[in-house]
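Visitor: Got a structure here, written out as structure tokens. Questions coming.
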Amino acid sequence: MESVGNILMYFVIVISIIVFSVLTVTTRKMLRSATYLLFVLFATALLYFQLDYQFLGTVQIAVYAGGIVVLFVFSILLTHKPGKDAAALDVHRRWLGLSAALLGVAACGYALFSYCAFCGKELTGDGSITIERLGHFLLSTDKYGYLLPFEAISVLLLACIIGGVVIARRR
């Protein structure tokens, strides 16, 4: 019976992630969008906890839900009035956004099914993937390492913070 409960909890978490993700990108109020994003990040942390990855769930809550969403809320409050609605999109922009989203889903699907680095055998040799080995492969400078993109994203976030401060000081 425990596995049925886990499967049911998994589907509840996945449905909440999907619903709040759609609400995040479809709402016209910026603060509501940031709040829905917070719910998505908490649900993702619940998914990590269900998979017994307590460290990743804790990092998800501390870094993303705690830090990034607060940064988004501050930037929204510094650049927009809190009760102001975003402008409605015209039909051309909606179709452009939908086609870009479908193209992104197709590219991610192709990358997921054609790139065999995460199949298990190439990472570990015996088919078992541990968090330690996955962290080593993601943050290394080896063949499938992602240390350089990780550092580039941190520099990009720093540039965004500095840009937000510069915009706020002008006002």
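Convention: chains lettered A, B, ... in structure tokens order; per-chain residue numbering from 1; ligands numbered from 1 as shown.
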Need the shell around Leu78 (chain A): protein/DNA/RNA residues with any atom at most 12 Å away, counting only C-alpha atoms. Skip same-chain ones fewer than 3 positions apart. Format as a list in words?
Guide: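 Residues near the query, excluding close chain neighbours: Met30, Leu31, Leu71, Phe72, Val73, Phe74, Ser75, Lys81, Pro82, Ile161, Gly163, Gly164, Val165, Val166, Ile167, Ala168, Arg169, Arg170 and Arg171 of chain A.
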Visitor: Include N, CA, C and O atoms and write out the residues we just selected as an mmCIF file, in the first residue's frame.
Guide:
```cif
data_model
loop_
_atom_site.group_PDB
_atom_site.id
_atom_site.type_symbol
_atom_site.label_atom_id
_atom_site.label_comp_id
_atom_site.auth_asym_id
_atom_site.auth_seq_id
_atom_site.Cartn_x
_atom_site.Cartn_y
_atom_site.Cartn_z
ATOM 1 N N MET A 30 2.391 40.699 -11.860
ATOM 2 C CA MET A 30 3.773 40.254 -11.673
ATOM 3 C C MET A 30 3.998 39.601 -10.301
ATOM 4 O O MET A 30 4.694 38.597 -10.202
ATOM 5 N N LEU A 31 3.425 40.163 -9.253
ATOM 6 C CA LEU A 31 3.627 39.581 -7.924
ATOM 7 C C LEU A 31 2.956 38.220 -7.799
ATOM 8 O O LEU A 31 3.485 37.323 -7.136
ATOM 9 N N LEU A 71 14.704 37.724 -4.694
ATOM 10 C CA LEU A 71 15.340 38.604 -5.674
ATOM 11 C C LEU A 71 14.346 39.039 -6.741
ATOM 12 O O LEU A 71 14.299 40.221 -7.125
ATOM 13 N N PHE A 72 13.515 38.121 -7.238
ATOM 14 C CA PHE A 72 12.495 38.465 -8.222
ATOM 15 C C PHE A 72 11.489 39.464 -7.661
ATOM 16 O O PHE A 72 11.120 40.427 -8.325
ATOM 17 N N VAL A 73 11.043 39.226 -6.420
ATOM 18 C CA VAL A 73 10.057 40.118 -5.816
ATOM 19 C C VAL A 73 10.647 41.515 -5.635
ATOM 20 O O VAL A 73 9.997 42.527 -5.928
ATOM 21 N N PHE A 74 11.880 41.612 -5.169
ATOM 22 C CA PHE A 74 12.512 42.917 -5.029
ATOM 23 C C PHE A 74 12.657 43.610 -6.378
ATOM 24 O O PHE A 74 12.414 44.807 -6.495
ATOM 25 N N SER A 75 13.049 42.870 -7.404
ATOM 26 C CA SER A 75 13.202 43.505 -8.716
ATOM 27 C C SER A 75 11.856 43.930 -9.274
ATOM 28 O O SER A 75 11.760 44.966 -9.936
ATOM 29 N N LYS A 81 4.874 49.055 -10.457
ATOM 30 C CA LYS A 81 3.951 49.302 -9.352
ATOM 31 C C LYS A 81 3.296 47.970 -9.010
ATOM 32 O O LYS A 81 2.915 47.213 -9.895
ATOM 33 N N PRO A 82 3.125 47.644 -7.715
ATOM 34 C CA PRO A 82 2.645 46.312 -7.333
ATOM 35 C C PRO A 82 1.274 45.926 -7.880
ATOM 36 O O PRO A 82 1.053 44.794 -8.231
ATOM 37 N N ILE A 161 21.830 41.415 -10.792
ATOM 38 C CA ILE A 161 21.708 42.113 -9.508
ATOM 39 C C ILE A 161 22.286 43.518 -9.620
ATOM 40 O O ILE A 161 21.669 44.498 -9.172
ATOM 41 N N GLY A 163 22.642 45.302 -12.342
ATOM 42 C CA GLY A 163 21.747 46.071 -13.199
ATOM 43 C C GLY A 163 20.492 46.530 -12.477
ATOM 44 O O GLY A 163 20.026 47.664 -12.663
ATOM 45 N N GLY A 164 19.931 45.679 -11.618
ATOM 46 C CA GLY A 164 18.769 46.067 -10.824
ATOM 47 C C GLY A 164 19.084 47.189 -9.859
ATOM 48 O O GLY A 164 18.277 48.111 -9.675
ATOM 49 N N VAL A 165 20.264 47.146 -9.254
ATOM 50 C CA VAL A 165 20.661 48.222 -8.344
ATOM 51 C C VAL A 165 20.863 49.518 -9.104
ATOM 52 O O VAL A 165 20.446 50.598 -8.653
ATOM 53 N N VAL A 166 21.465 49.453 -10.291
ATOM 54 C CA VAL A 166 21.677 50.667 -11.090
ATOM 55 C C VAL A 166 20.358 51.275 -11.519
ATOM 56 O O VAL A 166 20.170 52.492 -11.440
ATOM 57 N N ILE A 167 19.400 50.446 -11.935
ATOM 58 C CA ILE A 167 18.072 50.943 -12.336
ATOM 59 C C ILE A 167 17.356 51.552 -11.131
ATOM 60 O O ILE A 167 16.738 52.616 -11.237
ATOM 61 N N ALA A 168 17.462 50.927 -9.978
ATOM 62 C CA ALA A 168 16.791 51.438 -8.786
ATOM 63 C C ALA A 168 17.404 52.753 -8.317
ATOM 64 O O ALA A 168 16.697 53.625 -7.817
ATOM 65 N N ARG A 169 18.705 52.923 -8.471
ATOM 66 C CA ARG A 169 19.345 54.155 -8.014
ATOM 67 C C ARG A 169 19.025 55.334 -8.904
ATOM 68 O O ARG A 169 19.025 56.480 -8.460
ATOM 69 N N ARG A 170 18.722 55.096 -10.177
ATOM 70 C CA ARG A 170 18.363 56.188 -11.086
ATOM 71 C C ARG A 170 17.045 56.822 -10.692
ATOM 72 O O ARG A 170 16.813 57.985 -10.914
ATOM 73 N N ARG A 171 16.154 56.032 -10.159
ATOM 74 C CA ARG A 171 14.839 56.551 -9.776
ATOM 75 C C ARG A 171 14.952 57.264 -8.463
ATOM 76 O O ARG A 171 14.246 58.030 -8.033
#
```
Visitor: Write out as a PDB file with N, CA and C atoms, in the first residue's frame which residues come within 9 Å of region 55-58 of chain A when counting only C-alpha atoms, dropping same-chain ones fewer than 6 positions away.
Guide:
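Just written: result.pdb:
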```pdb
ATOM      1  N   PHE A  42       8.606  25.084  -4.394  1.00  0.00           N
ATOM      2  CA  PHE A  42       8.324  24.254  -3.223  1.00  0.00           C
ATOM      3  C   PHE A  42       7.873  22.858  -3.628  1.00  0.00           C
ATOM      4  N   THR A  44       8.712  21.290  -6.338  1.00  0.00           N
ATOM      5  CA  THR A  44       9.910  20.595  -6.809  1.00  0.00           C
ATOM      6  C   THR A  44      10.725  20.086  -5.624  1.00  0.00           C
ATOM      7  N   ALA A  45      10.812  20.870  -4.560  1.00  0.00           N
ATOM      8  CA  ALA A  45      11.507  20.411  -3.354  1.00  0.00           C
ATOM      9  C   ALA A  45      10.787  19.205  -2.751  1.00  0.00           C
ATOM     10  N   LEU A  46       9.459  19.211  -2.760  1.00  0.00           N
ATOM     11  CA  LEU A  46       8.717  18.042  -2.265  1.00  0.00           C
ATOM     12  C   LEU A  46       9.028  16.804  -3.093  1.00  0.00           C
ATOM     13  N   LEU A  47       9.182  16.995  -4.389  1.00  0.00           N
ATOM     14  CA  LEU A  47       9.543  15.874  -5.254  1.00  0.00           C
ATOM     15  C   LEU A  47      10.910  15.314  -4.877  1.00  0.00           C
ATOM     16  N   TYR A  48      11.863  16.197  -4.591  1.00  0.00           N
ATOM     17  CA  TYR A  48      13.181  15.747  -4.138  1.00  0.00           C
ATOM     18  C   TYR A  48      13.086  14.998  -2.813  1.00  0.00           C
ATOM     19  N   PHE A  49      12.283  15.515  -1.892  1.00  0.00           N
ATOM     20  CA  PHE A  49      12.135  14.833  -0.604  1.00  0.00           C
ATOM     21  C   PHE A  49      11.490  13.465  -0.774  1.00  0.00           C
TER      22      PHE A  49
END
```
Visitor: Would you mind telling me which residue in A:Phe39, A:Tyr64, A:Trp95, A:Tyr110 lies nearest to Phe20 (chain A) when using only C-alpha atoms?
Guide: A:Phe39
Visitor: I need the residue nearest Ile76 (chain A) from this list: A:Ala100, A:Val91, A:Ile162, A:Ala34. Use only C-alpha atoms for the distance.
Guide: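 Of the candidates, the smallest distance to Ile76 (chain A) is held by A:Ala34.
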Visitor: Skipping near chain neighbours, those fewer than 3 positions away, what residues fall within 12 Å of Ala43 (chain A) using only C-alpha atoms, listed as an MDAnalysis selection string?
Guide: chainID A and resid 9:21 36:40 46:50 57 60:61 64:65
Visitor: Let's have the selection written as a tab-separated table (two decimals), in the first residue's frame, with C-alpha atoms.
Guide:
```tsv
chain	number	residue	atom	x	y	z
A	9	MET	CA	1.68	11.68	-3.94
A	10	TYR	CA	3.94	11.83	-7.00
A	11	PHE	CA	0.99	12.60	-9.27
A	12	VAL	CA	-0.35	15.24	-6.87
A	13	ILE	CA	3.07	16.94	-6.84
A	14	VAL	CA	3.46	16.72	-10.63
A	15	ILE	CA	-0.03	18.10	-11.26
A	16	SER	CA	0.63	20.97	-8.85
A	17	ILE	CA	3.93	21.74	-10.62
A	18	ILE	CA	2.17	21.79	-13.99
A	19	VAL	CA	-0.76	23.92	-12.78
A	20	PHE	CA	1.40	26.48	-10.98
A	21	SER	CA	3.84	26.62	-13.90
A	36	TYR	CA	3.15	30.94	-8.32
A	37	LEU	CA	6.84	30.44	-9.12
A	38	LEU	CA	7.45	30.04	-5.39
A	39	PHE	CA	4.80	27.29	-5.28
A	40	VAL	CA	6.46	25.53	-8.24
A	46	LEU	CA	8.72	18.04	-2.27
A	47	LEU	CA	9.54	15.87	-5.25
A	48	TYR	CA	13.18	15.75	-4.14
A	49	PHE	CA	12.13	14.83	-0.60
A	50	GLN	CA	9.91	12.06	-1.94
A	57	GLY	CA	15.27	19.41	-1.41
A	60	GLN	CA	15.93	23.87	-3.51
A	61	ILE	CA	14.07	25.56	-0.68
A	64	TYR	CA	15.70	28.91	-5.15
A	65	ALA	CA	12.55	29.36	-3.08
```
Visitor: In Å, how far is it from CA of Pro149 (chain A) to CA of Gln54 (chain A)?
Guide: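 Between these atoms lies a distance of 24.9 Å.
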